[in-house]
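Student: Structure below; questions to follow.
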Amino acid sequence: MFGKMFNKILIANRGEIAVRVLRACHEMGIAAVAVYSDVDRASLHVRKADEAYPIGAAAAAESYLNIEKILDVAARSGADAVHPGYGFLSENAKFAQACADAGVKFIGPSAAAIDAMGSKTRARQAMERAGVPFVPGTSRGLESFEQAEQVAARIGYPVMLKAAAGGGGKGMRLVHAPGALQSALEGARSEAERSFGDGEVYLEKAMVNPRHIEMQVLADEHGNIVYLGERECSLQRRHQKVVEESPSPMVDAEMRRRMGEVAVRVARAAGYTNAGTVEFLVDQQKNFYFLEMNTRLQVEHPVTELVTGLDLVQLQIRIAAGERLAFTQDEVQIRGHAIECRIYAEDPDNDYFPSPGKITLLLEPSGPGVRRDSGMYEGWTVPMDYDPLLAKLIGYGADRNQAMGRLMRALNEYFVGGIKTNISLFLRILSDPDFRAARLDTGFLDRLLEKKRAEPPTDSKATEVAAIAAGFFAALGAPAAAAGERSPDSGVSQPGAASNWKIAAHKEAMR
Amino acid sequence: MTYDIAIDGNHHRLELNRVESRWSCRLDGREVEVDAVLARPDVLSLRIGNQVYEVKCERVAGSLYLWVGSARFAVEVRDPRSLRRRVPGVDDHGPKKLTAPMPGKIVRLLVGQGDEVAAGSGVLVVEAMKMQNEIKSPKKGTIRKILVSEGAAVNAGDVLAIVE
């Protein structure tokens, strides 16, 4: 109709997002090409693909980050487009450009748009021209202590001093009162000088435990841009999002419209196309400030899909194929509430340390209002080489309460045996009174984790159940006494007699 | 059949016998009305009275854990037929093995063979999923043997070092 739809898409990613994209391809009648590293041959995205090509060693630089190898597979497989997923090469302007040069459509924004958003200072200058609100402060380096004093007095304390070349918290100082400004400025400058060889320091209003709220935008290649509502992403640990929801409990229709229009302005100023996300910091008075733009599909896109009824990956593919958006802003409706939990292979009892290994037992939830985007299966060994995200579990309901109830129920159905996961953390979060009352900010999770978990008193009933069950496992099934040494044909009295028949027949044949 | 069952280190005596189509069950001498169905390997549906429990069995690196709801119990089962099996020692005497809690790569050895270590002090560092984890000595003693070298890949449960 408006463009020629692709025949074959190469998915330059792994894990649950590769499976997510592959499903969209199949739903649209498009063949899906997987690439995989040496440790991923047995991964789900390879099993489900139409074609799969090995691209090298486990280290991402040798495989999933290797532009040359991925484009070589695109050429060999005859793929006409590449979907980068998130992470890896998804925000790499060089890769987007290399795809364009090779005549393969990159499903995402142009290299120029990625580049414009990749540099913080350039992004800020472009956005200031577009009238996008920033955290109040200086956009250039401070020239003197007197200037710092004046700016701080104007915007009000507390203020944050930041190194212009900064990152990783170096050259940063939080200042609560004028008396502490001079020594903080000197400290920040010398630290910035030592860390980055550049003593330039700027100043902005300190946001104490702000909310992190982001706006989804979608832009076609014909100048149409829409926003698809916000996601509340304030629940973070070490700057990693843990729980996301849509809509945000603090955003009403009017605030959504204002944020959405700013996000559309950001996208337009950057010449943006395809799916993108504009991140904002929001204070308790509902003032919102531009943080950055993510030029890719987000991990948490399913919550937006559930409340808008739109399929973002299919829309990404249609936009890349040159189609126009088939709906207008007025037709976008937010309906119901969705909450996502990121299920990680990590150990809650060992400071959330990654826990790769073999999944010996997997029981997965289903039922009303439950969406599960997963990259794992029973019997699969989670490799130690990549991000520990295993799956995303999303609860959807008519309102936040119903969504929480369904999510909690689904979390209780979810069982991953053999490795540690953070499922218990979500049960804690969802039972927390502050979470249930939607009192959220970016400090929430740290405060929750600091609270000593009331050590549950040893439940004598549960102990009794465990003792009896242990006996039954020994009597009915695998020889529990020989833990971990189960022989493959030990499922003696389980239902599903087919396997027993097979075993019996096999034994007969061996006679 | 009589089992000696340790739940988180506390021992229980369980008598379990098939009587016609039912089970007779005595836990620490007390009669309990139960029936059980192995729904699939490692998943047991248990009825105690009329209460239903789904108990999951997890086997990790030679150890056995049972999950009742969100409670996890370390379990050891001995039956008369397997009494010859060596019971893992729980005391602090004698040599102790340090095992890898997860598959990973040895990035650093913090001590050498023959070094004195305190209980809880780091022995080596294993890296997995871009995170480093210090493996600590379970007891005060001497490093008798280190079985891995820097850069080596290890699997969960592999013995890394022995402290005595």
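Each chain of the structure tokens is named A, B, ... in the order shown, its residues numbered from 1; ligands are numbered from 1 in display order.
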Could you pull out the strand (DSSP E or B) residues of segment 31-127 of chain B from DSSP and send them as a ChimeraX atom specification?
Tutor: /B:31-32,34-40,43-48,51-60,63-68,71-78,96-99,104-109,116-117,122-127
Student: What are the nearest atom pairs, with distances in Å to one decimal, for all residues of chain B that come at most 7 Å from chain A, using only C-alpha atoms, set out by chain and rising residue number as a tab-separated table?
Tutor:
residue	atom	partner	partner_atom	distance
B:Tyr3	CA	A:Gly471	CA	6.8
B:Ile5	CA	A:Ala467	CA	6.4
B:Ile7	CA	A:Ala467	CA	6.6
B:Leu14	CA	A:Gly471	CA	7.0
B:Leu38	CA	A:Gln494	CA	5.6
B:Ala39	CA	A:Gln494	CA	6.5
B:Arg40	CA	A:Gln494	CA	5.9
B:Pro41	CA	A:Gly491	CA	6.3
B:Val55	CA	A:Ala469	CA	6.9
B:Glu58	CA	A:Gly417	CA	5.5
B:Arg59	CA	A:Gly484	CA	5.4
B:Val60	CA	A:Gly418	CA	5.6
B:Ala61	CA	A:Gly484	CA	6.7
B:Gly62	CA	A:Gly484	CA	4.6
B:Ser63	CA	A:Ala483	CA	5.8
B:Leu64	CA	A:Ala483	CA	5.6
B:Leu66	CA	A:Ala466	CA	6.3
B:Val68	CA	A:Ala462	CA	6.2
B:Glu76	CA	A:Ala481	CA	6.8
B:Val77	CA	A:Ala481	CA	4.9
B:Arg78	CA	A:Ala481	CA	5.5
B:Met102	CA	A:Ser355	CA	6.2
B:Pro103	CA	A:Gly357	CA	6.3
B:Gly104	CA	A:Met384	CA	6.4
B:Ala128	CA	A:Met384	CA	5.1
B:Met129	CA	A:Met384	CA	4.7
B:Met131	CA	A:Pro354	CA	7.0
Student: Quote the spacing between atom CA of His45 of chain A and atom CA of Leu310 of chain A in Å to one decimal place.
Tutor: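 Result for atom CA of His45 of chain A versus atom CA of Leu310 of chain A: 23.0 Å, one decimal.
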Student: For segment 22-25 of chain A, please output as a ChimeraX atom specification all residues within 7 Å (counting only C-alpha atoms; exclusion window: fewer than 5 positions along the same chain).
Tutor: /A:30-32,49,313-314
Student: May I have the selected residues written with N, CA and C atoms, as a PDB file, in the first residue's frame?
Tutor:
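Contents of part28.pdb, as written:
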ATOM      1  N   ILE A  30       6.479 -12.575   8.086  1.00  0.00           N
ATOM      2  CA  ILE A  30       7.847 -12.233   7.693  1.00  0.00           C
ATOM      3  C   ILE A  30       8.792 -13.288   8.275  1.00  0.00           C
ATOM      4  N   ALA A  31       9.742 -13.747   7.472  1.00  0.00           N
ATOM      5  CA  ALA A  31      10.704 -14.731   7.970  1.00  0.00           C
ATOM      6  C   ALA A  31      11.675 -14.052   8.938  1.00  0.00           C
ATOM      7  N   ALA A  32      12.072 -14.790   9.993  1.00  0.00           N
ATOM      8  CA  ALA A  32      12.952 -14.222  11.009  1.00  0.00           C
ATOM      9  C   ALA A  32      14.306 -14.923  10.992  1.00  0.00           C
ATOM     10  N   ALA A  49      13.574 -19.396  15.475  1.00  0.00           N
ATOM     11  CA  ALA A  49      13.820 -18.654  14.232  1.00  0.00           C
ATOM     12  C   ALA A  49      13.613 -19.532  13.001  1.00  0.00           C
ATOM     13  N   VAL A 313       6.127  -3.330  18.239  1.00  0.00           N
ATOM     14  CA  VAL A 313       7.119  -3.932  17.350  1.00  0.00           C
ATOM     15  C   VAL A 313       6.564  -4.021  15.926  1.00  0.00           C
ATOM     16  N   GLN A 314       5.299  -4.429  15.807  1.00  0.00           N
ATOM     17  CA  GLN A 314       4.692  -4.440  14.474  1.00  0.00           C
ATOM     18  C   GLN A 314       4.667  -3.035  13.876  1.00  0.00           C
TER      19      GLN A 314
END
Student: List as a ChimeraX atom specification the protein and nucleic acid residues near Arg47 of chain A, meaning an atom at most 12 Å away when only C-alpha atoms are counted, but skip any in the same chain fewer than 6 places from it.
Tutor: /A:14-15,18-19,22,32-36,40-41,53,375-377,380
Student: In Å, how far is it from atom CA of Lys451 of chain A to atom CA of Leu425 of chain A?
Tutor: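 So the answer is 12.7 Å.
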Student: With a distance cut-off of 10 Å and only C-alpha atoms, select the neighbouring residues of Glu91 of chain A, excluding the residue or stretch itself and same-chain residues fewer than 3 positions from it, and output the selection as a list in words.
Tutor: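 Once the nearby chain positions are removed, what remains is Pro84, Gly85, Tyr86, Gly87, Phe88, Lys94, Phe95, Ala96, Gly108, Pro109, Ala111, Ala113, Ile114, Asp115, Met117, Gly118, Asn294, Thr295, Arg296 and Leu297 of chain A.
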Student: Those same residues, written as a PDB file, in the first residue's frame with C-alpha atoms?
Tutor:
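The file below, again.pdb, is the result:
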ATOM      1  CA  PRO A  84      18.324  -4.291  16.785  1.00  0.00           C
ATOM      2  CA  GLY A  85      16.119  -4.914  19.880  1.00  0.00           C
ATOM      3  CA  TYR A  86      17.420  -2.981  22.896  1.00  0.00           C
ATOM      4  CA  GLY A  87      20.976  -2.870  24.240  1.00  0.00           C
ATOM      5  CA  PHE A  88      23.831  -4.156  22.050  1.00  0.00           C
ATOM      6  CA  LYS A  94      27.574   3.633  13.188  1.00  0.00           C
ATOM      7  CA  PHE A  95      25.534   0.463  12.921  1.00  0.00           C
ATOM      8  CA  ALA A  96      22.458   2.327  11.673  1.00  0.00           C
ATOM      9  CA  GLY A 108      14.792   2.445  14.164  1.00  0.00           C
ATOM     10  CA  PRO A 109      15.702   6.106  13.749  1.00  0.00           C
ATOM     11  CA  ALA A 111      21.990   7.487  12.262  1.00  0.00           C
ATOM     12  CA  ALA A 113      18.929  11.200  14.965  1.00  0.00           C
ATOM     13  CA  ILE A 114      20.725   8.618  17.130  1.00  0.00           C
ATOM     14  CA  ASP A 115      23.849  10.763  17.008  1.00  0.00           C
ATOM     15  CA  MET A 117      20.581  12.279  21.068  1.00  0.00           C
ATOM     16  CA  GLY A 118      23.792  10.413  21.935  1.00  0.00           C
ATOM     17  CA  ASN A 294      16.243   6.628  24.269  1.00  0.00           C
ATOM     18  CA  THR A 295      16.401   5.984  20.567  1.00  0.00           C
ATOM     19  CA  ARG A 296      15.161   2.404  20.604  1.00  0.00           C
ATOM     20  CA  LEU A 297      12.446   0.064  21.762  1.00  0.00           C
TER      21      LEU A 297
END
